[in-house]
$ cat work.txt   # compact mmCIF, N, CA and C atoms and all ligand atoms
# COMPACT_ATOMS: atom_id res chain seq x y z
N MET A 1 -62.73 -21.69 12.15
CA MET A 1 -62.07 -20.59 11.42
C MET A 1 -63.10 -19.60 10.88
N ALA A 2 -64.21 -20.13 10.31
CA ALA A 2 -65.24 -19.25 9.76
C ALA A 2 -65.80 -18.33 10.83
N SER A 3 -66.06 -18.88 12.00
CA SER A 3 -66.65 -18.07 13.05
C SER A 3 -65.65 -17.05 13.59
N LYS A 4 -64.39 -17.45 13.67
CA LYS A 4 -63.34 -16.54 14.14
C LYS A 4 -63.17 -15.37 13.17
N ASP A 5 -63.27 -15.67 11.86
CA ASP A 5 -63.09 -14.64 10.83
C ASP A 5 -64.40 -13.94 10.46
N ASP A 6 -65.49 -14.25 11.19
CA ASP A 6 -66.80 -13.70 10.90
C ASP A 6 -67.20 -13.97 9.44
N ARG A 7 -67.05 -15.23 9.05
CA ARG A 7 -67.45 -15.66 7.71
C ARG A 7 -68.50 -16.75 7.83
N ILE A 8 -69.15 -17.04 6.70
CA ILE A 8 -70.10 -18.13 6.63
C ILE A 8 -69.43 -19.27 5.86
N LEU A 9 -69.47 -20.45 6.43
CA LEU A 9 -68.90 -21.62 5.78
C LEU A 9 -69.94 -22.24 4.86
N LEU A 10 -69.62 -22.38 3.58
CA LEU A 10 -70.48 -23.08 2.63
C LEU A 10 -69.86 -24.45 2.41
N THR A 11 -70.62 -25.48 2.64
CA THR A 11 -70.04 -26.82 2.52
C THR A 11 -71.06 -27.84 2.03
N ARG A 12 -70.55 -28.88 1.36
CA ARG A 12 -71.38 -30.00 0.94
C ARG A 12 -71.25 -31.14 1.95
N ASP A 13 -70.54 -30.87 3.03
CA ASP A 13 -70.32 -31.86 4.08
C ASP A 13 -71.37 -31.62 5.18
N ARG A 14 -72.34 -32.53 5.25
CA ARG A 14 -73.45 -32.38 6.20
C ARG A 14 -72.97 -32.26 7.65
N GLU A 15 -72.04 -33.11 8.01
CA GLU A 15 -71.54 -33.13 9.38
C GLU A 15 -70.83 -31.82 9.73
N LEU A 16 -70.04 -31.34 8.80
CA LEU A 16 -69.34 -30.07 9.02
C LEU A 16 -70.34 -28.92 9.15
N ALA A 17 -71.37 -28.93 8.29
CA ALA A 17 -72.40 -27.89 8.35
C ALA A 17 -73.13 -27.94 9.69
N ARG A 18 -73.41 -29.15 10.16
CA ARG A 18 -74.10 -29.30 11.45
C ARG A 18 -73.24 -28.72 12.58
N ARG A 19 -71.95 -29.05 12.55
CA ARG A 19 -71.04 -28.57 13.59
C ARG A 19 -70.85 -27.05 13.51
N GLY A 20 -70.98 -26.49 12.31
CA GLY A 20 -70.80 -25.05 12.13
C GLY A 20 -71.97 -24.23 12.64
N GLY A 21 -73.10 -24.89 12.85
CA GLY A 21 -74.29 -24.20 13.38
C GLY A 21 -74.71 -23.03 12.51
N ALA A 22 -74.94 -21.87 13.15
CA ALA A 22 -75.43 -20.69 12.45
C ALA A 22 -74.36 -20.10 11.52
N GLN A 23 -73.12 -20.54 11.70
CA GLN A 23 -72.02 -20.00 10.91
C GLN A 23 -71.76 -20.83 9.65
N ALA A 24 -72.63 -21.85 9.40
CA ALA A 24 -72.41 -22.74 8.27
C ALA A 24 -73.70 -22.99 7.50
N VAL A 25 -73.54 -23.23 6.21
CA VAL A 25 -74.67 -23.56 5.34
C VAL A 25 -74.35 -24.86 4.61
N TYR A 26 -75.28 -25.82 4.70
CA TYR A 26 -75.12 -27.04 3.92
C TYR A 26 -75.60 -26.76 2.51
N VAL A 27 -74.73 -26.89 1.54
CA VAL A 27 -75.07 -26.65 0.14
C VAL A 27 -75.66 -27.95 -0.42
N VAL A 28 -76.91 -27.88 -0.82
CA VAL A 28 -77.67 -29.07 -1.17
C VAL A 28 -77.24 -29.69 -2.51
N SER A 29 -77.19 -28.88 -3.55
CA SER A 29 -76.96 -29.40 -4.90
C SER A 29 -75.48 -29.52 -5.25
N GLU A 30 -75.20 -30.39 -6.23
CA GLU A 30 -73.85 -30.47 -6.78
C GLU A 30 -73.71 -29.55 -7.99
N ASP A 31 -74.84 -29.06 -8.49
CA ASP A 31 -74.84 -28.18 -9.66
C ASP A 31 -74.53 -26.74 -9.23
N VAL A 32 -73.54 -26.14 -9.86
CA VAL A 32 -73.07 -24.82 -9.41
C VAL A 32 -74.15 -23.74 -9.51
N MET A 33 -74.99 -23.79 -10.55
CA MET A 33 -76.04 -22.78 -10.68
C MET A 33 -77.10 -22.95 -9.58
N GLU A 34 -77.39 -24.20 -9.25
CA GLU A 34 -78.31 -24.47 -8.13
C GLU A 34 -77.71 -23.97 -6.82
N GLN A 35 -76.41 -24.13 -6.69
CA GLN A 35 -75.73 -23.67 -5.48
C GLN A 35 -75.83 -22.15 -5.36
N VAL A 36 -75.62 -21.47 -6.49
CA VAL A 36 -75.72 -20.00 -6.49
C VAL A 36 -77.15 -19.59 -6.12
N ARG A 37 -78.12 -20.30 -6.71
CA ARG A 37 -79.52 -19.99 -6.43
C ARG A 37 -79.83 -20.16 -4.93
N GLN A 38 -79.35 -21.24 -4.35
CA GLN A 38 -79.59 -21.51 -2.92
C GLN A 38 -78.98 -20.40 -2.05
N VAL A 39 -77.71 -20.09 -2.30
CA VAL A 39 -77.02 -19.12 -1.46
C VAL A 39 -77.59 -17.72 -1.66
N ALA A 40 -77.99 -17.41 -2.90
CA ALA A 40 -78.62 -16.11 -3.17
C ALA A 40 -79.98 -16.05 -2.47
N GLY A 41 -80.69 -17.18 -2.50
CA GLY A 41 -82.01 -17.25 -1.85
C GLY A 41 -81.94 -17.02 -0.35
N LEU A 42 -80.81 -17.35 0.23
CA LEU A 42 -80.60 -17.13 1.66
C LEU A 42 -80.15 -15.69 1.95
N GLY A 43 -79.96 -14.93 0.87
CA GLY A 43 -79.54 -13.54 1.03
C GLY A 43 -78.07 -13.38 1.38
N LEU A 44 -77.29 -14.42 1.12
CA LEU A 44 -75.86 -14.36 1.49
C LEU A 44 -74.99 -13.74 0.40
N ILE A 45 -75.47 -13.80 -0.83
CA ILE A 45 -74.69 -13.23 -1.94
C ILE A 45 -75.61 -12.50 -2.91
N GLU A 46 -75.01 -11.62 -3.68
CA GLU A 46 -75.68 -10.98 -4.80
C GLU A 46 -74.97 -11.53 -6.03
N PRO A 47 -75.64 -12.44 -6.76
CA PRO A 47 -74.95 -13.13 -7.86
C PRO A 47 -74.44 -12.18 -8.94
N GLY A 48 -73.24 -12.45 -9.40
CA GLY A 48 -72.63 -11.68 -10.47
C GLY A 48 -71.25 -12.25 -10.70
N ILE A 49 -70.73 -12.03 -11.89
CA ILE A 49 -69.38 -12.52 -12.20
C ILE A 49 -68.39 -11.41 -11.87
N ARG A 50 -67.56 -11.69 -10.90
CA ARG A 50 -66.54 -10.71 -10.51
C ARG A 50 -65.18 -11.39 -10.57
N MET A 51 -64.22 -10.66 -11.00
CA MET A 51 -62.86 -11.18 -10.99
C MET A 51 -62.14 -10.55 -9.83
N SER A 52 -62.42 -11.01 -8.63
CA SER A 52 -61.80 -10.39 -7.47
C SER A 52 -60.81 -11.30 -6.77
N ARG A 53 -60.94 -12.63 -6.99
CA ARG A 53 -60.07 -13.58 -6.30
C ARG A 53 -59.50 -14.59 -7.30
N CYS A 54 -58.31 -15.08 -7.01
CA CYS A 54 -57.67 -16.10 -7.84
C CYS A 54 -58.42 -17.42 -7.65
N SER A 55 -58.75 -18.08 -8.76
CA SER A 55 -59.48 -19.34 -8.67
C SER A 55 -58.58 -20.48 -8.19
N LEU A 56 -57.28 -20.28 -8.20
CA LEU A 56 -56.36 -21.32 -7.74
C LEU A 56 -56.04 -21.19 -6.25
N CYS A 57 -55.77 -19.96 -5.80
CA CYS A 57 -55.29 -19.81 -4.41
C CYS A 57 -56.13 -18.85 -3.57
N ASN A 58 -57.15 -18.25 -4.17
CA ASN A 58 -58.07 -17.34 -3.47
C ASN A 58 -57.44 -16.02 -3.04
N THR A 59 -56.25 -15.72 -3.51
CA THR A 59 -55.64 -14.41 -3.23
C THR A 59 -56.43 -13.32 -3.96
N ARG A 60 -56.51 -12.15 -3.32
CA ARG A 60 -57.21 -11.04 -3.96
C ARG A 60 -56.43 -10.59 -5.21
N LEU A 61 -57.12 -10.48 -6.34
CA LEU A 61 -56.47 -10.05 -7.58
C LEU A 61 -56.32 -8.54 -7.58
N ARG A 62 -55.33 -8.07 -8.31
CA ARG A 62 -55.16 -6.63 -8.53
C ARG A 62 -55.10 -6.40 -10.03
N PRO A 63 -55.31 -5.15 -10.47
CA PRO A 63 -55.21 -4.88 -11.91
C PRO A 63 -53.83 -5.26 -12.42
N ALA A 64 -53.78 -5.91 -13.59
CA ALA A 64 -52.51 -6.33 -14.17
C ALA A 64 -51.81 -5.14 -14.80
N THR A 65 -50.49 -5.17 -14.77
CA THR A 65 -49.72 -4.13 -15.46
C THR A 65 -49.59 -4.53 -16.93
N MET A 66 -49.25 -3.56 -17.77
CA MET A 66 -49.06 -3.82 -19.20
C MET A 66 -47.99 -4.89 -19.39
N ARG A 67 -46.95 -4.82 -18.60
CA ARG A 67 -45.84 -5.79 -18.70
C ARG A 67 -46.32 -7.21 -18.38
N GLU A 68 -47.12 -7.36 -17.34
CA GLU A 68 -47.64 -8.68 -16.97
C GLU A 68 -48.51 -9.25 -18.09
N ILE A 69 -49.30 -8.39 -18.71
CA ILE A 69 -50.16 -8.83 -19.81
C ILE A 69 -49.29 -9.27 -21.00
N GLN A 70 -48.29 -8.45 -21.31
CA GLN A 70 -47.43 -8.75 -22.47
C GLN A 70 -46.59 -10.01 -22.26
N GLU A 71 -46.20 -10.27 -21.02
CA GLU A 71 -45.33 -11.42 -20.75
C GLU A 71 -46.09 -12.74 -20.60
N ALA A 72 -47.39 -12.68 -20.45
CA ALA A 72 -48.19 -13.91 -20.34
C ALA A 72 -48.46 -14.43 -21.75
N ARG A 73 -47.87 -15.58 -22.07
CA ARG A 73 -48.00 -16.13 -23.43
C ARG A 73 -49.43 -16.52 -23.76
N TYR A 74 -50.21 -16.82 -22.71
CA TYR A 74 -51.59 -17.27 -22.92
C TYR A 74 -52.59 -16.11 -23.01
N ALA A 75 -52.09 -14.89 -22.88
CA ALA A 75 -52.98 -13.72 -22.95
C ALA A 75 -53.53 -13.56 -24.36
N PRO A 76 -54.75 -13.07 -24.49
CA PRO A 76 -55.28 -12.86 -25.84
C PRO A 76 -54.47 -11.78 -26.57
N ARG A 77 -54.38 -11.93 -27.89
CA ARG A 77 -53.58 -10.97 -28.66
C ARG A 77 -54.20 -9.58 -28.62
N SER A 78 -55.51 -9.55 -28.73
CA SER A 78 -56.19 -8.26 -28.67
C SER A 78 -56.62 -7.98 -27.25
N THR A 79 -56.12 -6.88 -26.71
CA THR A 79 -56.44 -6.54 -25.33
C THR A 79 -57.59 -5.53 -25.26
N ARG A 80 -58.03 -5.09 -26.43
CA ARG A 80 -59.04 -4.04 -26.47
C ARG A 80 -60.35 -4.48 -25.80
N GLY A 81 -60.85 -3.63 -24.94
CA GLY A 81 -62.14 -3.89 -24.28
C GLY A 81 -62.09 -4.95 -23.21
N LYS A 82 -60.90 -5.46 -22.91
CA LYS A 82 -60.79 -6.49 -21.88
C LYS A 82 -60.17 -5.91 -20.62
N GLU A 83 -60.61 -6.47 -19.50
CA GLU A 83 -60.10 -6.02 -18.22
C GLU A 83 -59.21 -7.13 -17.67
N PHE A 84 -57.95 -6.80 -17.38
CA PHE A 84 -56.99 -7.81 -16.92
C PHE A 84 -56.70 -7.67 -15.44
N SER A 85 -56.62 -8.83 -14.78
CA SER A 85 -56.26 -8.85 -13.37
C SER A 85 -55.10 -9.81 -13.17
N TRP A 86 -54.43 -9.66 -12.03
CA TRP A 86 -53.22 -10.41 -11.78
C TRP A 86 -53.23 -10.99 -10.37
N CYS A 87 -52.85 -12.28 -10.27
CA CYS A 87 -52.68 -12.88 -8.94
C CYS A 87 -51.20 -12.76 -8.59
N PRO A 88 -50.88 -11.95 -7.59
CA PRO A 88 -49.47 -11.78 -7.22
C PRO A 88 -48.87 -13.03 -6.59
N ALA A 89 -49.69 -13.93 -6.09
CA ALA A 89 -49.17 -15.17 -5.47
C ALA A 89 -48.82 -16.20 -6.54
N CYS A 90 -49.75 -16.49 -7.45
CA CYS A 90 -49.51 -17.49 -8.51
C CYS A 90 -48.84 -16.89 -9.73
N ARG A 91 -48.83 -15.59 -9.81
CA ARG A 91 -48.35 -14.88 -10.99
C ARG A 91 -49.16 -15.33 -12.22
N LYS A 92 -50.47 -15.30 -12.04
CA LYS A 92 -51.37 -15.74 -13.10
C LYS A 92 -52.24 -14.56 -13.56
N LEU A 93 -52.41 -14.50 -14.88
CA LEU A 93 -53.19 -13.42 -15.48
C LEU A 93 -54.63 -13.87 -15.70
N TYR A 94 -55.56 -13.02 -15.37
CA TYR A 94 -56.99 -13.27 -15.60
C TYR A 94 -57.55 -12.14 -16.45
N TRP A 95 -58.55 -12.45 -17.23
CA TRP A 95 -59.24 -11.40 -17.96
C TRP A 95 -60.68 -11.81 -18.21
N MET A 96 -61.50 -10.77 -18.36
CA MET A 96 -62.90 -10.99 -18.69
C MET A 96 -62.99 -11.08 -20.20
N GLY A 97 -63.37 -12.22 -20.68
CA GLY A 97 -63.54 -12.42 -22.11
C GLY A 97 -64.83 -13.15 -22.37
N SER A 98 -64.84 -13.97 -23.40
CA SER A 98 -66.08 -14.67 -23.77
C SER A 98 -66.52 -15.65 -22.70
N HIS A 99 -65.56 -16.24 -21.98
CA HIS A 99 -65.91 -17.18 -20.91
C HIS A 99 -66.72 -16.48 -19.81
N GLY A 100 -66.25 -15.29 -19.42
CA GLY A 100 -66.95 -14.49 -18.41
C GLY A 100 -68.32 -14.06 -18.89
N ASP A 101 -68.40 -13.66 -20.16
CA ASP A 101 -69.69 -13.24 -20.74
C ASP A 101 -70.66 -14.42 -20.74
N HIS A 102 -70.14 -15.60 -21.10
CA HIS A 102 -70.95 -16.81 -21.15
C HIS A 102 -71.47 -17.16 -19.75
N LEU A 103 -70.60 -17.06 -18.77
CA LEU A 103 -71.00 -17.36 -17.39
C LEU A 103 -72.06 -16.38 -16.90
N GLU A 104 -71.85 -15.11 -17.21
CA GLU A 104 -72.80 -14.06 -16.81
C GLU A 104 -74.18 -14.35 -17.39
N LYS A 105 -74.20 -14.76 -18.67
CA LYS A 105 -75.46 -15.07 -19.35
C LYS A 105 -76.14 -16.28 -18.69
N ARG A 106 -75.35 -17.33 -18.43
CA ARG A 106 -75.88 -18.53 -17.77
C ARG A 106 -76.45 -18.21 -16.39
N LEU A 107 -75.73 -17.35 -15.69
CA LEU A 107 -76.14 -16.97 -14.34
C LEU A 107 -77.48 -16.23 -14.39
N LYS A 108 -77.59 -15.28 -15.30
CA LYS A 108 -78.84 -14.51 -15.44
C LYS A 108 -80.00 -15.41 -15.80
N GLU A 109 -79.76 -16.34 -16.75
CA GLU A 109 -80.81 -17.27 -17.17
C GLU A 109 -81.24 -18.18 -16.02
N SER A 110 -80.24 -18.63 -15.28
CA SER A 110 -80.50 -19.55 -14.18
C SER A 110 -81.30 -18.90 -13.05
N LEU A 111 -81.07 -17.61 -12.84
CA LEU A 111 -81.70 -16.94 -11.71
C LEU A 111 -83.00 -16.24 -12.06
N SER A 112 -83.28 -16.14 -13.38
CA SER A 112 -84.53 -15.46 -13.74
C SER A 112 -85.70 -16.39 -13.44
N PRO A 113 -86.82 -15.81 -12.94
CA PRO A 113 -87.94 -16.65 -12.51
C PRO A 113 -88.65 -17.36 -13.65
ZN ZN B 201 -53.36 -17.33 -7.14
$ encode --input "work.txt" --output "structure tokens"
Amino acid sequence: MASKDDRILLTRDRELARRGGAQAVYVVSEDVMEQVRQVAGLGLIEPGIRMSRCSLCNTRLRPATMREIQEARYAPRSTRGKEFSWCPACRKLYWMGSHGDHLEKRLKESLSP
């Protein structure tokens, strides 16, 4: 599938990586920051925190409407300065808040020499 879609398969499965050949990368570490470092080192990604895909179903997110934000009971009360996205498949609201800031900081620290 990866080769048909012109994608690179990232996997912790050695056998699958071997079968994928040039279209696959065996991800060595179980630690996510090490994984990012490895894949960035191969020039496959430019590390950064982006809210572009749903973490549950991988559907591309779109900007949330005011109504979607207001109807999500788990949304933060203060929307000021936050960017909201919506998964149309799961009907799930995402936003950049302290968790995203924390991840961004960890990522920068992890990748700095
Ligand atoms: Zn989703």
$ atom_distance --input "work.txt" --atom1 "atom C of Leu93 (chain A)" --atom2 "atom C of Glu46 (chain A)"
22.6 Å
$ closest_atom_pairs --input "work.txt" --of "chain A" --to "ligand ZN 201 (chain B)" --cutoff "6 Å" --atoms "all atoms listed in the file" --output "tab-separated table"
residue	atom	partner	partner_atom	distance
A:Cys54	CA	B:ZN201	ZN	4.5
A:Ser55	N	B:ZN201	ZN	5.7
A:Leu56	C	B:ZN201	ZN	4.8
A:Cys57	N	B:ZN201	ZN	3.8
A:Asn58	N	B:ZN201	ZN	4.9
A:Thr59	N	B:ZN201	ZN	4.9
A:Cys87	CA	B:ZN201	ZN	4.8
A:Pro88	N	B:ZN201	ZN	5.9
A:Ala89	C	B:ZN201	ZN	4.7
A:Cys90	N	B:ZN201	ZN	3.7
A:Arg91	N	B:ZN201	ZN	5.5
$ select_by_dssp --input "work.txt" --residues "chain A" --states "helix (DSSP H, G or I)" --output "PyMOL selection string"
chain A and resi 14-23+32-41+66-71+98-111
$ write_last_selection --input "work.txt" --atoms "N, CA and C atoms" --output "short mmCIF file (atom, residue, chain, number, x, y, z; two decimals), keeping the file's coordinate frame"
data_model
loop_
_atom_site.label_atom_id
_atom_site.label_comp_id
_atom_site.auth_asym_id
_atom_site.auth_seq_id
_atom_site.Cartn_x
_atom_site.Cartn_y
_atom_site.Cartn_z
N ARG A 14 -72.34 -32.53 5.25
CA ARG A 14 -73.45 -32.38 6.20
C ARG A 14 -72.97 -32.26 7.65
N GLU A 15 -72.04 -33.11 8.01
CA GLU A 15 -71.54 -33.13 9.38
C GLU A 15 -70.83 -31.82 9.73
N LEU A 16 -70.04 -31.34 8.80
CA LEU A 16 -69.34 -30.07 9.02
C LEU A 16 -70.34 -28.92 9.15
N ALA A 17 -71.37 -28.93 8.29
CA ALA A 17 -72.40 -27.89 8.35
C ALA A 17 -73.13 -27.94 9.69
N ARG A 18 -73.41 -29.15 10.16
CA ARG A 18 -74.10 -29.30 11.45
C ARG A 18 -73.24 -28.72 12.58
N ARG A 19 -71.95 -29.05 12.55
CA ARG A 19 -71.04 -28.57 13.59
C ARG A 19 -70.85 -27.05 13.51
N GLY A 20 -70.98 -26.49 12.31
CA GLY A 20 -70.80 -25.05 12.13
C GLY A 20 -71.97 -24.23 12.64
N GLY A 21 -73.10 -24.89 12.85
CA GLY A 21 -74.29 -24.20 13.38
C GLY A 21 -74.71 -23.03 12.51
N ALA A 22 -74.94 -21.87 13.15
CA ALA A 22 -75.43 -20.69 12.45
C ALA A 22 -74.36 -20.10 11.52
N GLN A 23 -73.12 -20.54 11.70
CA GLN A 23 -72.02 -20.00 10.91
C GLN A 23 -71.76 -20.83 9.65
N VAL A 32 -73.54 -26.14 -9.86
CA VAL A 32 -73.07 -24.82 -9.41
C VAL A 32 -74.15 -23.74 -9.51
N MET A 33 -74.99 -23.79 -10.55
CA MET A 33 -76.04 -22.78 -10.68
C MET A 33 -77.10 -22.95 -9.58
N GLU A 34 -77.39 -24.20 -9.25
CA GLU A 34 -78.31 -24.47 -8.13
C GLU A 34 -77.71 -23.97 -6.82
N GLN A 35 -76.41 -24.13 -6.69
CA GLN A 35 -75.73 -23.67 -5.48
C GLN A 35 -75.83 -22.15 -5.36
N VAL A 36 -75.62 -21.47 -6.49
CA VAL A 36 -75.72 -20.00 -6.49
C VAL A 36 -77.15 -19.59 -6.12
N ARG A 37 -78.12 -20.30 -6.71
CA ARG A 37 -79.52 -19.99 -6.43
C ARG A 37 -79.83 -20.16 -4.93
N GLN A 38 -79.35 -21.24 -4.35
CA GLN A 38 -79.59 -21.51 -2.92
C GLN A 38 -78.98 -20.40 -2.05
N VAL A 39 -77.71 -20.09 -2.30
CA VAL A 39 -77.02 -19.12 -1.46
C VAL A 39 -77.59 -17.72 -1.66
N ALA A 40 -77.99 -17.41 -2.90
CA ALA A 40 -78.62 -16.11 -3.17
C ALA A 40 -79.98 -16.05 -2.47
N GLY A 41 -80.69 -17.18 -2.50
CA GLY A 41 -82.01 -17.25 -1.85
C GLY A 41 -81.94 -17.02 -0.35
N MET A 66 -49.25 -3.56 -17.77
CA MET A 66 -49.06 -3.82 -19.20
C MET A 66 -47.99 -4.89 -19.39
N ARG A 67 -46.95 -4.82 -18.60
CA ARG A 67 -45.84 -5.79 -18.70
C ARG A 67 -46.32 -7.21 -18.38
N GLU A 68 -47.12 -7.36 -17.34
CA GLU A 68 -47.64 -8.68 -16.97
C GLU A 68 -48.51 -9.25 -18.09
N ILE A 69 -49.30 -8.39 -18.71
CA ILE A 69 -50.16 -8.83 -19.81
C ILE A 69 -49.29 -9.27 -21.00
N GLN A 70 -48.29 -8.45 -21.31
CA GLN A 70 -47.43 -8.75 -22.47
C GLN A 70 -46.59 -10.01 -22.26
N GLU A 71 -46.20 -10.27 -21.02
CA GLU A 71 -45.33 -11.42 -20.75
C GLU A 71 -46.09 -12.74 -20.60
N SER A 98 -64.84 -13.97 -23.40
CA SER A 98 -66.08 -14.67 -23.77
C SER A 98 -66.52 -15.65 -22.70
N HIS A 99 -65.56 -16.24 -21.98
CA HIS A 99 -65.91 -17.18 -20.91
C HIS A 99 -66.72 -16.48 -19.81
N GLY A 100 -66.25 -15.29 -19.42
CA GLY A 100 -66.95 -14.49 -18.41
C GLY A 100 -68.32 -14.06 -18.89
N ASP A 101 -68.40 -13.66 -20.16
CA ASP A 101 -69.69 -13.24 -20.74
C ASP A 101 -70.66 -14.42 -20.74
N HIS A 102 -70.14 -15.60 -21.10
CA HIS A 102 -70.95 -16.81 -21.15
C HIS A 102 -71.47 -17.16 -19.75
N LEU A 103 -70.60 -17.06 -18.77
CA LEU A 103 -71.00 -17.36 -17.39
C LEU A 103 -72.06 -16.38 -16.90
N GLU A 104 -71.85 -15.11 -17.21
CA GLU A 104 -72.80 -14.06 -16.81
C GLU A 104 -74.18 -14.35 -17.39
N LYS A 105 -74.20 -14.76 -18.67
CA LYS A 105 -75.46 -15.07 -19.35
C LYS A 105 -76.14 -16.28 -18.69
N ARG A 106 -75.35 -17.33 -18.43
CA ARG A 106 -75.88 -18.53 -17.77
C ARG A 106 -76.45 -18.21 -16.39
N LEU A 107 -75.73 -17.35 -15.69
CA LEU A 107 -76.14 -16.97 -14.34
C LEU A 107 -77.48 -16.23 -14.39
N LYS A 108 -77.59 -15.28 -15.30
CA LYS A 108 -78.84 -14.51 -15.44
C LYS A 108 -80.00 -15.41 -15.80
N GLU A 109 -79.76 -16.34 -16.75
CA GLU A 109 -80.81 -17.27 -17.17
C GLU A 109 -81.24 -18.18 -16.02
N SER A 110 -80.24 -18.63 -15.28
CA SER A 110 -80.50 -19.55 -14.18
C SER A 110 -81.30 -18.90 -13.05
N LEU A 111 -81.07 -17.61 -12.84
CA LEU A 111 -81.70 -16.94 -11.71
C LEU A 111 -83.00 -16.24 -12.06
#
$ closest_residue --input "work.txt" --among "A:Gly97, A:Gly20, A:Trp86, A:Leu107" --to "Arg53 (chain A)" --atoms "all atoms listed in the file"
A:Trp86
$ residues_around --input "work.txt" --residues "region 32-43 of chain A" --least-positions-apart "5" --cutoff "7 Å" --atoms "all atoms listed in the file" --output "list of chain:residue names"
A:Val27, A:Leu107, A:Ser110, A:Leu111
$ atom_distance --input "work.txt" --atom1 "CA of Glu30 (chain A)" --atom2 "CA of Asp5 (chain A)"
26.0 Å
$ closest_residue --input "work.txt" --among "A:Thr11, A:Met66, A:Pro76, A:Leu16" --to "Val28 (chain A)" --atoms "only N, CA and C atoms"
A:Thr11
$ select_by_dssp --input "work.txt" --residues "chain A" --states "strand (DSSP E)" --output "PyMOL selection string"
chain A and resi 9-11+24-26+62-63+84-87+92-95
$ closest_residue --input "work.txt" --among "A:Arg80, A:Met96, A:Glu109, A:Glu15" --to "Ile49 (chain A)" --atoms "only C-alpha atoms"
A:Met96
$ atom_distance --input "work.txt" --atom1 "CA of Tyr74 (chain A)" --atom2 "CA of Tyr94 (chain A)"
9.9 Å
$ residues_near_point --input "work.txt" --point "(-64.3, -12.0, -17.3)" --cutoff "9 Å" --atoms "only C-alpha atoms" --output "ChimeraX atom specification"
/A:49-51,82-84,94-101,103-104
$ closest_residue --input "work.txt" --among "A:Ala72, A:Gln23, A:Ala17, A:Arg62" --to "Ser3 (chain A)" --atoms "all atoms listed in the file"
A:Gln23
$ residues_near_point --input "work.txt" --point "(-70.2, -18.3, 12.9)" --cutoff "6 Å" --atoms "all atoms listed in the file" --output "short mmCIF file (atom, residue, chain, number, x, y, z; two decimals) with N, CA and C atoms, keeping the file's coordinate frame"
data_model
loop_
_atom_site.label_atom_id
_atom_site.label_comp_id
_atom_site.auth_asym_id
_atom_site.auth_seq_id
_atom_site.Cartn_x
_atom_site.Cartn_y
_atom_site.Cartn_z
N ALA A 2 -64.21 -20.13 10.31
CA ALA A 2 -65.24 -19.25 9.76
C ALA A 2 -65.80 -18.33 10.83
N SER A 3 -66.06 -18.88 12.00
CA SER A 3 -66.65 -18.07 13.05
C SER A 3 -65.65 -17.05 13.59
N LYS A 4 -64.39 -17.45 13.67
CA LYS A 4 -63.34 -16.54 14.14
C LYS A 4 -63.17 -15.37 13.17
N ARG A 7 -67.05 -15.23 9.05
CA ARG A 7 -67.45 -15.66 7.71
C ARG A 7 -68.50 -16.75 7.83
N ALA A 22 -74.94 -21.87 13.15
CA ALA A 22 -75.43 -20.69 12.45
C ALA A 22 -74.36 -20.10 11.52
N GLN A 23 -73.12 -20.54 11.70
CA GLN A 23 -72.02 -20.00 10.91
C GLN A 23 -71.76 -20.83 9.65
N ALA A 24 -72.63 -21.85 9.40
CA ALA A 24 -72.41 -22.74 8.27
C ALA A 24 -73.70 -22.99 7.50
#
$ closest_residue --input "work.txt" --among "A:Ile45, A:Ser85, A:Ser29, A:Met1" --to "Leu61 (chain A)" --atoms "all atoms listed in the file"
A:Ser85
$ axis_aligned_box --input "work.txt" --around "region 87-100 of chain A" --padding-each-side "5 Å" --output "JSON"
{"center_x": -58.3, "center_y": -14.1, "center_z": -14.6, "size_x": 30.0, "size_y": 16.7, "size_z": 28.3}
$ decode --input "work.txt" --residues "region 10-17 of chain A" --atoms "N, CA, C and O atoms" --output "mmCIF file, in the first residue's frame"
data_model
loop_
_atom_site.group_PDB
_atom_site.id
_atom_site.type_symbol
_atom_site.label_atom_id
_atom_site.label_comp_id
_atom_site.auth_asym_id
_atom_site.auth_seq_id
_atom_site.Cartn_x
_atom_site.Cartn_y
_atom_site.Cartn_z
ATOM 1 N N LEU A 10 6.646 3.519 8.066
ATOM 2 C CA LEU A 10 7.441 3.533 9.293
ATOM 3 C C LEU A 10 6.909 2.407 10.160
ATOM 4 O O LEU A 10 5.717 2.376 10.463
ATOM 5 N N THR A 11 7.780 1.508 10.548
ATOM 6 C CA THR A 11 7.298 0.357 11.313
ATOM 7 C C THR A 11 8.331 -0.116 12.328
ATOM 8 O O THR A 11 9.530 0.078 12.148
ATOM 9 N N ARG A 12 7.831 -0.719 13.413
ATOM 10 C CA ARG A 12 8.699 -1.345 14.410
ATOM 11 C C ARG A 12 8.787 -2.842 14.139
ATOM 12 O O ARG A 12 9.363 -3.583 14.906
ATOM 13 N N ASP A 13 8.194 -3.269 13.039
ATOM 14 C CA ASP A 13 8.189 -4.674 12.641
ATOM 15 C C ASP A 13 9.345 -4.890 11.651
ATOM 16 O O ASP A 13 9.283 -4.454 10.500
ATOM 17 N N ARG A 14 10.391 -5.567 12.133
ATOM 18 C CA ARG A 14 11.587 -5.780 11.308
ATOM 19 C C ARG A 14 11.287 -6.489 9.990
ATOM 20 O O ARG A 14 11.799 -6.105 8.939
ATOM 21 N N GLU A 15 10.475 -7.519 10.071
ATOM 22 C CA GLU A 15 10.158 -8.306 8.884
ATOM 23 C C GLU A 15 9.391 -7.465 7.858
ATOM 24 O O GLU A 15 9.678 -7.500 6.664
ATOM 25 N N LEU A 16 8.455 -6.693 8.344
ATOM 26 C CA LEU A 16 7.681 -5.822 7.449
ATOM 27 C C LEU A 16 8.590 -4.778 6.805
ATOM 28 O O LEU A 16 8.499 -4.518 5.601
ATOM 29 N N ALA A 17 9.500 -4.208 7.596
ATOM 30 C CA ALA A 17 10.442 -3.215 7.074
ATOM 31 C C ALA A 17 11.330 -3.845 5.998
ATOM 32 O O ALA A 17 11.605 -3.234 4.962
#
